[in-house]
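Next comes data.txt, with compact mmCIF, C-alpha atoms and all ligand atoms.
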```
# COMPACT_ATOMS: atom_id res chain seq x y z
CA MET A 1 108.84 102.58 111.62
CA SER A 2 110.60 105.80 112.25
CA ASP A 3 111.11 107.18 115.77
CA ALA A 4 110.67 110.76 114.60
CA PRO A 5 107.82 112.42 116.52
CA HIS A 6 104.67 112.99 114.56
CA ILE A 7 104.17 116.72 114.01
CA LEU A 8 100.66 118.16 113.89
CA THR A 9 99.53 121.56 112.70
CA LEU A 10 96.60 123.40 114.18
CA LYS A 11 95.31 126.90 114.88
CA ILE A 12 95.11 128.52 118.30
CA ASP A 13 93.44 131.96 118.32
CA ASP A 14 93.94 132.20 114.53
CA GLN A 15 97.65 131.59 114.93
CA ASP A 16 99.18 128.65 113.01
CA VAL A 17 101.06 126.46 115.48
CA SER A 18 102.66 123.05 115.41
CA ALA A 19 102.54 120.38 118.07
CA VAL A 20 104.16 117.06 118.79
CA GLU A 21 101.58 114.30 118.82
CA GLY A 22 100.43 113.71 122.39
CA GLN A 23 100.93 117.33 123.53
CA THR A 24 98.00 119.02 125.25
CA ILE A 25 96.41 122.19 123.89
CA LEU A 26 97.68 123.98 127.01
CA ALA A 27 101.29 122.92 126.40
CA VAL A 28 101.13 124.06 122.77
CA ALA A 29 99.49 127.35 123.71
CA ARG A 30 102.15 128.10 126.33
CA GLU A 31 105.00 127.21 123.95
CA ASN A 32 103.57 129.81 121.61
CA GLY A 33 103.12 132.50 124.20
CA ILE A 34 99.33 132.22 124.28
CA ALA A 35 98.05 132.67 127.83
CA VAL A 36 95.37 130.29 129.13
CA PRO A 37 94.33 130.72 132.77
CA THR A 38 94.85 127.60 134.92
CA LEU A 39 94.44 126.80 138.58
CA CYS A 40 94.63 123.05 139.26
CA PHE A 41 97.29 122.51 136.58
CA LEU A 42 100.91 122.62 137.72
CA LYS A 43 103.76 121.67 135.43
CA GLY A 44 105.45 118.59 136.84
CA LEU A 45 102.26 117.04 138.24
CA SER A 46 99.83 114.90 136.28
CA PRO A 47 96.93 117.00 134.98
CA VAL A 48 93.49 116.24 136.41
CA GLY A 49 91.15 118.78 134.78
CA ALA A 50 89.53 119.61 138.12
CA CYS A 51 89.06 123.39 138.10
CA ARG A 52 87.80 123.95 134.50
CA LEU A 53 89.40 127.39 134.33
CA CYS A 54 91.36 126.41 131.22
CA LEU A 55 88.24 125.63 129.16
CA VAL A 56 88.63 126.46 125.46
CA GLU A 57 86.37 126.41 122.42
CA ILE A 58 87.15 124.01 119.59
CA LYS A 59 85.52 124.54 116.22
CA GLY A 60 82.95 121.86 115.46
CA VAL A 61 82.84 120.61 119.07
CA PRO A 62 79.69 121.75 120.91
CA LYS A 63 81.23 121.27 124.38
CA LEU A 64 83.95 123.37 125.95
CA LEU A 65 87.07 121.30 126.67
CA PRO A 66 89.79 121.76 129.31
CA ALA A 67 93.06 122.66 127.57
CA CYS A 68 95.20 121.01 130.26
CA VAL A 69 93.93 117.50 129.50
CA THR A 70 92.83 117.75 125.85
CA ARG A 71 95.38 116.63 123.28
CA ALA A 72 96.10 118.71 120.23
CA ALA A 73 94.87 117.18 116.96
CA GLU A 74 95.59 117.79 113.30
CA GLY A 75 93.60 120.71 111.88
CA MET A 76 92.04 121.73 115.21
CA GLU A 77 90.84 125.33 115.50
CA VAL A 78 91.06 126.43 119.13
CA THR A 79 89.79 129.67 120.69
CA THR A 80 91.18 130.49 124.15
CA ASP A 81 89.41 133.79 124.75
CA SER A 82 85.84 134.85 124.01
CA PRO A 83 83.00 136.55 125.90
CA ARG A 84 81.50 133.12 126.55
CA LEU A 85 84.75 131.71 127.98
CA ARG A 86 85.31 134.83 130.07
CA GLU A 87 81.83 134.51 131.54
CA TYR A 88 82.43 130.84 132.42
CA ARG A 89 85.81 131.57 133.97
CA ARG A 90 84.44 134.40 136.02
CA THR A 91 81.56 132.25 137.24
CA ILE A 92 83.92 129.44 138.23
CA LEU A 93 85.98 131.87 140.29
CA GLU A 94 82.85 133.35 141.90
CA LEU A 95 81.67 129.88 142.90
CA LEU A 96 85.07 129.16 144.44
CA PHE A 97 84.90 132.36 146.49
CA ALA A 98 81.30 131.69 147.57
CA GLU A 99 81.90 128.06 148.50
CA ARG A 100 84.25 128.64 151.46
CA ASN A 101 85.46 131.57 153.55
CA HIS A 102 88.02 133.63 151.68
CA VAL A 103 88.93 136.72 153.64
CA CYS A 104 91.93 137.98 151.69
CA SER A 105 92.66 140.90 154.01
CA ILE A 106 93.63 138.60 156.88
CA CYS A 107 94.95 135.65 154.84
CA VAL A 108 98.60 134.63 155.11
CA SER A 109 98.63 134.27 151.32
CA ASN A 110 97.24 137.76 150.62
CA ASN A 111 99.15 139.22 147.62
CA ASN A 112 100.72 135.83 146.84
CA CYS A 113 97.65 133.79 146.00
CA GLU A 114 96.82 132.24 142.63
CA LEU A 115 93.07 132.45 143.23
CA GLN A 116 93.29 136.12 144.17
CA SER A 117 95.43 137.06 141.18
CA LEU A 118 93.20 135.11 138.79
CA ALA A 119 90.17 136.97 140.13
CA ARG A 120 91.95 140.19 139.33
CA ALA A 121 93.08 139.07 135.89
CA GLN A 122 89.56 137.92 135.00
CA GLY A 123 88.08 141.24 136.14
CA LEU A 124 85.97 139.76 138.94
CA THR A 125 84.38 142.81 140.59
CA HIS A 126 82.03 140.98 142.95
CA VAL A 127 80.51 137.55 143.56
CA ARG A 128 77.00 137.25 142.12
CA VAL A 129 75.94 134.16 144.07
CA PRO A 130 75.29 134.23 147.83
CA TYR A 131 78.23 133.28 150.04
CA ARG A 132 77.72 129.99 151.86
CA HIS A 133 79.83 130.78 154.95
CA PRO A 134 80.31 127.14 155.98
CA ARG A 135 81.76 126.35 159.39
CA LEU A 136 85.19 124.84 158.62
CA GLY A 137 88.16 124.12 160.77
CA VAL A 138 91.91 124.69 160.77
CA ASP A 139 94.20 121.73 161.39
CA ALA A 140 97.20 123.13 163.25
CA THR A 141 98.35 119.84 164.74
CA HIS A 142 101.47 119.52 162.57
CA SER A 143 104.56 121.02 164.19
CA ARG A 144 105.55 123.11 161.15
CA PHE A 145 102.51 123.47 158.91
CA SER A 146 98.81 124.17 159.12
CA ALA A 147 95.79 123.46 156.93
CA ASP A 148 93.00 126.06 156.84
CA HIS A 149 90.06 124.37 155.12
CA ASN A 150 88.29 127.72 154.75
CA ARG A 151 90.60 128.47 151.81
CA CYS A 152 90.81 125.11 150.03
CA ILE A 153 89.62 125.03 146.41
CA LEU A 154 90.05 121.23 146.05
CA CYS A 155 92.57 121.51 143.21
CA ALA A 156 94.30 118.33 144.49
CA ARG A 157 97.79 119.68 143.89
CA CYS A 158 98.71 118.63 147.44
CA VAL A 159 97.39 115.11 146.84
CA ARG A 160 99.32 114.80 143.58
CA VAL A 161 102.65 116.22 144.75
CA CYS A 162 102.59 114.06 147.89
CA ASP A 163 101.81 110.93 145.89
CA GLU A 164 103.70 111.49 142.64
CA ILE A 165 106.78 113.37 143.80
CA GLU A 166 107.29 112.66 147.49
CA GLY A 167 105.82 109.15 147.31
CA ALA A 168 104.15 109.44 150.71
CA HIS A 169 100.47 109.77 149.70
CA THR A 170 99.54 111.42 152.97
CA TRP A 171 96.90 113.63 151.35
CA ASP A 172 93.68 112.45 149.81
CA ILE A 173 90.17 113.70 149.15
CA MET A 174 87.18 112.52 151.17
CA GLY A 175 83.45 113.07 150.69
CA ARG A 176 81.39 114.18 147.72
CA GLY A 177 80.14 117.46 146.35
CA ILE A 178 79.92 120.21 148.91
CA ASP A 179 81.24 117.85 151.62
CA CYS A 180 84.57 117.26 149.83
CA ARG A 181 87.61 117.79 152.03
CA VAL A 182 91.32 117.16 151.72
CA ILE A 183 92.40 114.78 154.47
CA THR A 184 95.64 113.39 155.84
CA ASP A 185 95.97 109.62 156.17
CA MET A 186 92.65 108.11 157.31
CA ASN A 187 91.20 111.54 158.14
CA GLN A 188 93.48 111.86 161.17
CA PRO A 189 94.99 115.13 162.40
CA TRP A 190 97.99 116.05 160.23
CA GLY A 191 100.29 116.05 163.25
CA GLN A 192 99.43 112.40 163.92
CA SER A 193 100.04 111.24 160.35
CA ASP A 194 102.29 108.17 160.09
CA THR A 195 103.08 108.79 156.44
CA CYS A 196 103.86 112.56 156.33
CA THR A 197 107.61 113.14 155.94
CA SER A 198 107.26 116.87 156.73
CA CYS A 199 108.90 117.69 153.40
CA GLY A 200 106.61 120.70 152.85
CA LYS A 201 106.04 120.09 149.13
CA CYS A 202 102.24 120.26 149.53
CA VAL A 203 102.55 123.62 151.28
CA HIS A 204 104.47 125.12 148.39
CA VAL A 205 102.31 123.81 145.55
CA CYS A 206 99.04 124.81 147.25
CA PRO A 207 97.81 127.79 145.19
CA THR A 208 95.93 129.42 148.09
CA GLY A 209 96.37 130.15 151.77
CA THR A 210 95.18 126.67 152.79
CA LEU A 211 98.46 124.87 153.37
CA THR A 212 100.97 127.20 154.94
CA GLU A 213 104.01 127.30 157.18
CA LYS A 214 103.36 128.15 160.78
CA GLY A 215 104.56 131.43 162.17
CA VAL A 216 103.65 133.62 159.19
CA ALA A 217 101.30 136.57 159.57
CA ALA A 218 98.83 138.01 157.03
CA ALA A 219 100.38 138.43 153.57
CA GLU A 220 103.69 136.84 154.65
CA MET A 221 103.40 133.39 153.08
CA LYS A 222 105.29 133.16 149.80
CA LYS A 223 105.26 129.81 148.04
CA ARG A 224 108.35 128.45 146.35
CA GLN A 225 107.58 126.02 143.54
CA GLN A 226 110.94 125.97 141.75
CA PHE A 227 111.73 122.51 143.12
CA LEU A 228 109.05 120.85 141.02
CA PRO A 229 110.33 121.28 137.43
CA TYR A 230 113.82 120.55 138.77
CA LEU A 231 112.81 117.26 140.38
CA THR A 232 110.78 116.12 137.37
CA ALA A 233 113.61 116.99 134.96
CA MET A 234 116.07 114.99 137.07
CA ARG A 235 113.74 111.99 137.01
CA GLU A 236 113.14 112.15 133.29
CA GLU A 237 116.90 112.16 132.73
CA ARG A 238 117.30 109.04 134.84
CA GLU A 239 114.62 107.09 133.00
CA MET B 1 82.26 174.45 134.30
CA SER B 2 79.41 172.10 135.07
CA ALA B 3 77.44 172.16 138.31
CA LYS B 4 78.97 170.54 141.36
CA ILE B 5 78.22 166.90 141.93
CA ARG B 6 76.44 166.07 145.17
CA LEU B 7 78.50 163.46 147.04
CA ALA B 8 77.60 161.42 150.11
CA THR B 9 79.80 158.95 151.97
CA VAL B 10 78.32 156.33 154.28
CA TRP B 11 79.92 154.19 156.97
CA LEU B 12 78.22 150.85 157.66
CA ASP B 13 79.88 147.74 159.17
CA GLY B 14 83.51 148.54 158.46
CA CYS B 15 86.50 149.73 160.47
CA SER B 16 86.55 153.25 158.90
CA GLY B 17 89.79 152.29 157.15
CA CYS B 18 88.16 152.98 153.77
CA HIS B 19 87.28 156.51 154.88
CA MET B 20 90.87 156.94 156.12
CA SER B 21 92.10 155.83 152.72
CA LEU B 22 89.72 158.30 151.09
CA LEU B 23 91.29 161.09 153.14
CA ASP B 24 94.71 159.72 152.16
CA ILE B 25 94.04 161.10 148.68
CA ASP B 26 95.60 164.15 150.37
CA GLU B 27 96.23 167.30 148.35
CA ARG B 28 94.59 165.82 145.26
CA LEU B 29 91.32 166.26 147.16
CA LEU B 30 91.85 170.01 146.72
CA ASP B 31 92.02 169.57 142.94
CA ILE B 32 88.52 168.12 142.87
CA ALA B 33 87.07 169.94 145.89
CA ASP B 34 85.51 172.76 143.85
CA ARG B 35 83.64 170.21 141.73
CA ILE B 36 82.10 168.41 144.68
CA GLU B 37 79.48 169.32 147.22
CA LEU B 38 79.65 166.97 150.20
CA VAL B 39 76.08 166.51 151.41
CA SER B 40 76.44 163.75 153.99
CA SER B 41 79.37 161.90 155.55
CA PRO B 42 80.53 160.48 158.90
CA ILE B 43 82.99 163.39 159.02
CA MET B 44 80.06 165.87 158.96
CA ASP B 45 77.17 166.41 161.32
CA VAL B 46 74.11 165.90 159.12
CA LYS B 47 70.79 164.55 160.31
CA GLY B 48 68.47 162.60 158.03
CA PHE B 49 69.03 161.71 154.40
CA PRO B 50 69.81 164.31 151.74
CA GLU B 51 68.01 164.01 148.39
CA ASN B 52 69.20 164.22 144.79
CA ILE B 53 72.63 162.79 145.50
CA ASP B 54 74.81 162.13 142.43
CA LEU B 55 77.27 159.71 143.99
CA THR B 56 77.07 157.78 147.26
CA ILE B 57 80.20 156.00 148.44
CA VAL B 58 79.46 153.17 150.86
CA GLU B 59 82.03 151.65 153.19
CA GLY B 60 81.19 148.49 155.15
CA ALA B 61 78.87 145.51 154.99
CA ILE B 62 75.21 145.38 155.95
CA THR B 63 75.07 143.83 159.40
CA ASN B 64 72.24 145.34 161.43
CA GLU B 65 68.87 147.06 161.02
CA GLU B 66 70.42 150.50 160.97
CA ASP B 67 72.80 149.57 158.13
CA LEU B 68 69.86 148.22 156.17
CA HIS B 69 67.76 151.33 156.76
CA LYS B 70 70.64 153.59 155.69
CA VAL B 71 71.58 151.73 152.55
CA LEU B 72 67.95 151.61 151.36
CA ALA B 73 67.50 155.33 152.04
CA PHE B 74 70.70 156.33 150.26
CA ARG B 75 70.02 154.07 147.30
CA LYS B 76 66.64 155.74 146.87
CA ASN B 77 68.23 159.19 146.80
CA THR B 78 71.36 158.62 144.74
CA LYS B 79 72.07 158.27 141.03
CA LEU B 80 75.25 156.19 141.45
CA LEU B 81 76.34 153.99 144.31
CA MET B 82 79.94 152.93 144.84
CA ALA B 83 80.78 149.94 147.07
CA LEU B 84 84.09 150.96 148.63
CA GLY B 85 86.34 148.24 150.02
CA ASP B 86 86.12 144.52 150.71
CA CYS B 87 83.53 144.71 153.52
CA ALA B 88 81.09 146.45 151.17
CA ILE B 89 81.89 144.08 148.29
CA THR B 90 82.43 140.67 149.92
CA GLY B 91 81.37 141.02 153.57
CA ASN B 92 85.06 140.52 154.48
CA VAL B 93 85.85 140.32 158.22
CA PRO B 94 82.37 141.41 159.46
CA ALA B 95 80.81 138.48 157.56
CA MET B 96 82.97 135.98 159.45
CA ARG B 97 80.22 136.02 162.08
CA ASN B 98 77.91 134.31 159.56
CA THR B 99 79.29 130.91 160.53
CA PHE B 100 77.77 131.37 164.03
CA ALA B 101 74.15 131.43 165.19
CA ILE B 102 72.93 134.90 166.17
CA ASP B 103 71.94 133.89 169.69
CA ASP B 104 75.40 132.47 170.29
CA LEU B 105 76.93 135.78 169.18
CA TYR B 106 74.70 137.84 171.46
CA ASN B 107 75.37 135.50 174.32
CA ARG B 108 79.11 135.63 173.82
CA ALA B 109 79.29 139.41 173.56
CA TYR B 110 76.77 140.55 176.14
CA VAL B 111 76.56 137.71 178.65
CA GLU B 112 79.61 135.40 178.71
CA ASN B 113 82.17 138.15 178.22
CA ALA B 114 80.39 140.88 180.21
CA ASP B 115 81.51 141.79 183.73
CA ALA B 116 78.28 143.52 184.74
CA GLU B 117 74.74 144.00 183.39
CA LYS B 118 74.79 140.63 181.73
CA GLN B 119 71.95 141.05 179.24
CA VAL B 120 71.39 141.48 175.53
CA PRO B 121 70.45 145.14 174.85
CA GLY B 122 66.86 145.62 173.74
CA ALA B 123 66.50 149.14 172.30
CA VAL B 124 69.39 151.63 171.57
CA VAL B 125 71.67 149.05 169.91
CA PRO B 126 70.29 148.11 166.46
CA ARG B 127 69.40 144.42 166.10
CA LEU B 128 71.70 142.22 164.04
CA LEU B 129 70.26 140.94 160.78
CA ASP B 130 70.21 137.17 160.24
CA ARG B 131 73.49 137.49 158.36
CA THR B 132 76.04 140.07 157.28
CA ARG B 133 75.68 140.84 153.58
CA PRO B 134 77.69 142.63 150.92
CA ILE B 135 75.92 145.73 149.53
CA HIS B 136 75.04 144.24 146.13
CA GLU B 137 73.02 141.45 147.79
CA VAL B 138 70.62 144.12 149.06
CA VAL B 139 70.65 147.07 146.63
CA PRO B 140 72.15 147.54 143.13
CA VAL B 141 75.78 148.71 143.07
CA ASP B 142 77.21 150.67 140.13
CA VAL B 143 80.95 150.74 140.90
CA TYR B 144 83.09 148.32 142.90
CA VAL B 145 86.37 149.54 144.41
CA PRO B 146 88.11 146.56 146.07
CA GLY B 147 90.79 146.52 148.77
CA CYS B 148 91.16 146.35 152.51
CA PRO B 149 91.40 149.25 152.47
CA PRO B 150 91.49 150.28 148.80
CA HIS B 151 94.59 152.30 148.02
CA ALA B 152 94.03 156.06 147.91
CA ASP B 153 95.18 156.07 144.27
CA VAL B 154 92.45 153.61 143.31
CA ILE B 155 89.76 155.65 145.08
CA PHE B 156 91.00 158.85 143.49
CA TYR B 157 91.05 157.23 140.06
CA ALA B 158 87.46 155.99 140.50
CA ILE B 159 86.14 159.36 141.66
CA ALA B 160 88.08 161.30 139.03
CA GLU B 161 86.73 159.08 136.25
CA LEU B 162 83.16 159.51 137.49
CA LEU B 163 83.69 163.29 137.59
CA GLU B 164 84.66 163.10 133.93
CA GLY B 165 81.48 161.16 133.19
CA ARG B 166 83.33 157.88 132.54
CA MET B 167 82.71 154.51 134.19
CA PRO B 168 85.92 153.51 136.02
CA ASP B 169 87.31 149.95 136.03
CA PRO B 170 88.99 149.88 139.46
CA MET B 171 89.78 146.15 139.14
CA LYS B 172 92.57 147.24 136.77
CA MET B 173 94.39 148.89 139.68
CA GLY B 174 92.94 147.37 142.82
CA LYS B 175 92.45 143.86 144.21
CA PHE B 176 90.73 142.11 147.07
CA GLY B 177 92.66 142.12 150.32
S1 LIG C 301 93.38 131.90 149.78
FE1 LIG C 301 93.67 133.59 148.32
S2 LIG C 301 91.62 134.15 147.67
FE2 LIG C 301 91.43 132.93 149.55
S3 LIG C 301 91.46 134.42 151.23
FE3 LIG C 301 93.57 133.81 150.92
S4 LIG C 301 94.38 135.38 149.51
FE4 LIG C 301 92.16 135.49 149.37
S1 LIG C 302 94.92 122.17 150.25
FE1 LIG C 302 95.68 123.58 148.67
S2 LIG C 302 96.67 122.22 147.18
FE2 LIG C 302 95.35 120.90 148.44
S3 LIG C 302 93.40 120.82 147.31
FE3 LIG C 302 93.22 122.50 148.79
S4 LIG C 302 93.84 124.36 147.65
FE4 LIG C 302 94.55 122.57 146.47
S1 LIG C 303 93.82 123.94 134.75
FE1 LIG C 303 92.71 122.72 133.33
S2 LIG C 303 91.02 122.09 134.51
FE2 LIG C 303 92.22 123.15 136.00
```

Render the structure in this file as structure tokens.
Amino acid sequence: MSDAPHILTLKIDDQDVSAVEGQTILAVARENGIAVPTLCFLKGLSPVGACRLCLVEIKGVPKLLPACVTRAAEGMEVTTDSPRLREYRRTILELLFAERNHVCSICVSNNNCELQSLARAQGLTHVRVPYRHPRLGVDATHSRFSADHNRCILCARCVRVCDEIEGAHTWDIMGRGIDCRVITDMNQPWGQSDTCTSCGKCVHVCPTGTLTEKGVAAAEMKKRQQFLPYLTAMREERE
Amino acid sequence: MSAKIRLATVWLDGCSGCHMSLLDIDERLLDIADRIELVSSPIMDVKGFPENIDLTIVEGAITNEEDLHKVLAFRKNTKLLMALGDCAITGNVPAMRNTFAIDDLYNRAYVENADAEKQVPGAVVPRLLDRTRPIHEVVPVDVYVPGCPPHADVIFYAIAELLEGRMPDPMKMGKFG
């Protein structure tokens, strides 16, 4: 058997593209300069398909499928942009805004937030469902970081980076449905966590103003995610 | 030249920052001034509600009975309604009170934190509604101009487009926050 990778050919938005067997539709699209909006996906972390923003249409498949976890297949015909997809993406974003308390004007991540910039890119003018305005807390017990649950979109990037890259597994998700929360250790205050190494990786992969450094004012929190592809590349080399 | 458009601006539960930003359009206001007739605005002294308004620009969320009364009256008398700024579009900071019970709010403001006359006002001060709402939850909105406050350029773009009879797409230039 030869070790040469199996090459597939498929169409994305009427463009002929090739893929290595095993690649996701998202990876192939990005290699070919085709933009697909994503929120929970972050290169270097395992994909989980949690946010559904990357949904695409595949000819002959009645369901929409998330590009970040769907593998490319021979002869596939993928559409990444259509009125139907735009409507779904916009609705997903509206539900995220309505679910918790996003007040961009006073958020430390204002102007540097992936949720905010996606809303803009998807042309979200207003939220068509009623806001829930839940009563949620801020955990400011850690000496350097804080967690404002009002802004969490449950993308689980923090959980994944802490587990897969740092190896601490401080973060996890507790509860179901509307009661879902990210927690530290056994739902203890972050500052009392036995496992947190204070590395700050979760803060920098968090796409919103939930996990932030202390001491920053509105619009001052800029996330730095360059470490992630670097660390994963180093590991792959070692293997 | 066509007839002047009748413009109203309304200030509900907001900080007036959106109106400040509107004035920040500066000298460009002069370019469009002869095409606009301002019929009602917090910067004018007008009683009651003018009729046959072409465009009503609303700053702020709907928080109390007076806001509700105003927004219903203006909607009835205007062709187009523009929600200006995040408070009008999302509820923004004023809506942060929605996580508290109304009685707790009244108690905090007028009893716990008051030095004298510890009582919730009965008349004079309009009653709070059960929750603070964005404009579109109460009346239809035609144009959304986001920002806290929206940049003067975005407001000018939106008004200038409407003057030309085109529907603006302020999301292209503006953003929440
Ligand atoms: S996390 Fe993003 S979307 Fe939410 S309030 Fe902050 S800036 Fe706005
Ligand atoms: S805290 Fe941030 S990274 Fe973690 S799930 Fe919430 S939004 Fe995602
Ligand atoms: S990016 Fe694919 S589901 Fe979130």

Residues at most 6 Å from ligand LIG 301 (chain C), using all atoms listed in the file? Could they come as number ranges by chain?
A: 102-104, 107, 109-110, 113, 115-116, 151, 208-209

At most 9 Å from ligand LIG 302 (chain C) (all atoms listed in the file): residue list as a PyMOL selection string: chain A and resi 39-40+147-149+151-161+171-173+181-183+202-212

Keeping only C-alpha atoms, write those residues as a PDB file, keeping the file's coordinate frame.
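Wrote it out as out_17.pdb, contents follow:
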```
ATOM      1  CA  LEU A  39      94.440 126.800 138.580  1.00  0.00           C
ATOM      2  CA  CYS A  40      94.630 123.050 139.260  1.00  0.00           C
ATOM      3  CA  ALA A 147      95.790 123.460 156.930  1.00  0.00           C
ATOM      4  CA  ASP A 148      93.000 126.060 156.840  1.00  0.00           C
ATOM      5  CA  HIS A 149      90.060 124.370 155.120  1.00  0.00           C
ATOM      6  CA  ARG A 151      90.600 128.470 151.810  1.00  0.00           C
ATOM      7  CA  CYS A 152      90.810 125.110 150.030  1.00  0.00           C
ATOM      8  CA  ILE A 153      89.620 125.030 146.410  1.00  0.00           C
ATOM      9  CA  LEU A 154      90.050 121.230 146.050  1.00  0.00           C
ATOM     10  CA  CYS A 155      92.570 121.510 143.210  1.00  0.00           C
ATOM     11  CA  ALA A 156      94.300 118.330 144.490  1.00  0.00           C
ATOM     12  CA  ARG A 157      97.790 119.680 143.890  1.00  0.00           C
ATOM     13  CA  CYS A 158      98.710 118.630 147.440  1.00  0.00           C
ATOM     14  CA  VAL A 159      97.390 115.110 146.840  1.00  0.00           C
ATOM     15  CA  ARG A 160      99.320 114.800 143.580  1.00  0.00           C
ATOM     16  CA  VAL A 161     102.650 116.220 144.750  1.00  0.00           C
ATOM     17  CA  TRP A 171      96.900 113.630 151.350  1.00  0.00           C
ATOM     18  CA  ASP A 172      93.680 112.450 149.810  1.00  0.00           C
ATOM     19  CA  ILE A 173      90.170 113.700 149.150  1.00  0.00           C
ATOM     20  CA  ARG A 181      87.610 117.790 152.030  1.00  0.00           C
ATOM     21  CA  VAL A 182      91.320 117.160 151.720  1.00  0.00           C
ATOM     22  CA  ILE A 183      92.400 114.780 154.470  1.00  0.00           C
ATOM     23  CA  CYS A 202     102.240 120.260 149.530  1.00  0.00           C
ATOM     24  CA  VAL A 203     102.550 123.620 151.280  1.00  0.00           C
ATOM     25  CA  HIS A 204     104.470 125.120 148.390  1.00  0.00           C
ATOM     26  CA  VAL A 205     102.310 123.810 145.550  1.00  0.00           C
ATOM     27  CA  CYS A 206      99.040 124.810 147.250  1.00  0.00           C
ATOM     28  CA  PRO A 207      97.810 127.790 145.190  1.00  0.00           C
ATOM     29  CA  THR A 208      95.930 129.420 148.090  1.00  0.00           C
ATOM     30  CA  GLY A 209      96.370 130.150 151.770  1.00  0.00           C
ATOM     31  CA  THR A 210      95.180 126.670 152.790  1.00  0.00           C
ATOM     32  CA  LEU A 211      98.460 124.870 153.370  1.00  0.00           C
ATOM     33  CA  THR A 212     100.970 127.200 154.940  1.00  0.00           C
TER      34      THR A 212
END
```

### Task
Using all atoms listed in the file, find each residue with an atom at most 12 Å away from ligand LIG 303 (chain C) and format the answer as a ChimeraX atom specification.
/A:24-27,35-43,45-56,64-70,89,92-93,114-115,118,153-157,207

Residues from last step as file, C-alpha atoms, as a PDB file, keeping the file's coordinate frame:
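selection04.pdb, written as the output of this step:
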```pdb
ATOM      1  CA  THR A  24      98.000 119.020 125.250  1.00  0.00           C
ATOM      2  CA  ILE A  25      96.410 122.190 123.890  1.00  0.00           C
ATOM      3  CA  LEU A  26      97.680 123.980 127.010  1.00  0.00           C
ATOM      4  CA  ALA A  27     101.290 122.920 126.400  1.00  0.00           C
ATOM      5  CA  ALA A  35      98.050 132.670 127.830  1.00  0.00           C
ATOM      6  CA  VAL A  36      95.370 130.290 129.130  1.00  0.00           C
ATOM      7  CA  PRO A  37      94.330 130.720 132.770  1.00  0.00           C
ATOM      8  CA  THR A  38      94.850 127.600 134.920  1.00  0.00           C
ATOM      9  CA  LEU A  39      94.440 126.800 138.580  1.00  0.00           C
ATOM     10  CA  CYS A  40      94.630 123.050 139.260  1.00  0.00           C
ATOM     11  CA  PHE A  41      97.290 122.510 136.580  1.00  0.00           C
ATOM     12  CA  LEU A  42     100.910 122.620 137.720  1.00  0.00           C
ATOM     13  CA  LYS A  43     103.760 121.670 135.430  1.00  0.00           C
ATOM     14  CA  LEU A  45     102.260 117.040 138.240  1.00  0.00           C
ATOM     15  CA  SER A  46      99.830 114.900 136.280  1.00  0.00           C
ATOM     16  CA  PRO A  47      96.930 117.000 134.980  1.00  0.00           C
ATOM     17  CA  VAL A  48      93.490 116.240 136.410  1.00  0.00           C
ATOM     18  CA  GLY A  49      91.150 118.780 134.780  1.00  0.00           C
ATOM     19  CA  ALA A  50      89.530 119.610 138.120  1.00  0.00           C
ATOM     20  CA  CYS A  51      89.060 123.390 138.100  1.00  0.00           C
ATOM     21  CA  ARG A  52      87.800 123.950 134.500  1.00  0.00           C
ATOM     22  CA  LEU A  53      89.400 127.390 134.330  1.00  0.00           C
ATOM     23  CA  CYS A  54      91.360 126.410 131.220  1.00  0.00           C
ATOM     24  CA  LEU A  55      88.240 125.630 129.160  1.00  0.00           C
ATOM     25  CA  VAL A  56      88.630 126.460 125.460  1.00  0.00           C
ATOM     26  CA  LEU A  64      83.950 123.370 125.950  1.00  0.00           C
ATOM     27  CA  LEU A  65      87.070 121.300 126.670  1.00  0.00           C
ATOM     28  CA  PRO A  66      89.790 121.760 129.310  1.00  0.00           C
ATOM     29  CA  ALA A  67      93.060 122.660 127.570  1.00  0.00           C
ATOM     30  CA  CYS A  68      95.200 121.010 130.260  1.00  0.00           C
ATOM     31  CA  VAL A  69      93.930 117.500 129.500  1.00  0.00           C
ATOM     32  CA  THR A  70      92.830 117.750 125.850  1.00  0.00           C
ATOM     33  CA  ARG A  89      85.810 131.570 133.970  1.00  0.00           C
ATOM     34  CA  ILE A  92      83.920 129.440 138.230  1.00  0.00           C
ATOM     35  CA  LEU A  93      85.980 131.870 140.290  1.00  0.00           C
ATOM     36  CA  GLU A 114      96.820 132.240 142.630  1.00  0.00           C
ATOM     37  CA  LEU A 115      93.070 132.450 143.230  1.00  0.00           C
ATOM     38  CA  LEU A 118      93.200 135.110 138.790  1.00  0.00           C
ATOM     39  CA  ILE A 153      89.620 125.030 146.410  1.00  0.00           C
ATOM     40  CA  LEU A 154      90.050 121.230 146.050  1.00  0.00           C
ATOM     41  CA  CYS A 155      92.570 121.510 143.210  1.00  0.00           C
ATOM     42  CA  ALA A 156      94.300 118.330 144.490  1.00  0.00           C
ATOM     43  CA  ARG A 157      97.790 119.680 143.890  1.00  0.00           C
ATOM     44  CA  PRO A 207      97.810 127.790 145.190  1.00  0.00           C
TER      45      PRO A 207
END
```

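A straight line drawn from CA of Val17 in chain A to CA of Glu57 in chain A is 16.2 Å long.
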
For Lys175 in chain B, which of A:Tyr230, A:Asn111, A:Asp16, A:Tyr88 is the closest residue, counting all atoms listed in the file?
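Checking each candidate against Lys175 in chain B, we get A:Asn111 as the closest.
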
Check: which chain A residues lie within 7 Å of chain B using only C-alpha atoms, as JSON, numbers by chain:
{"A": [103, 104, 105, 110, 120, 123, 125, 126, 133, 134, 135]}

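Proximity to Lys223 in chain A was assessed for A:Arg238, A:Val108, A:Thr195, A:Thr80 counting all atoms listed in the file; the smallest distance is recorded for A:Val108.
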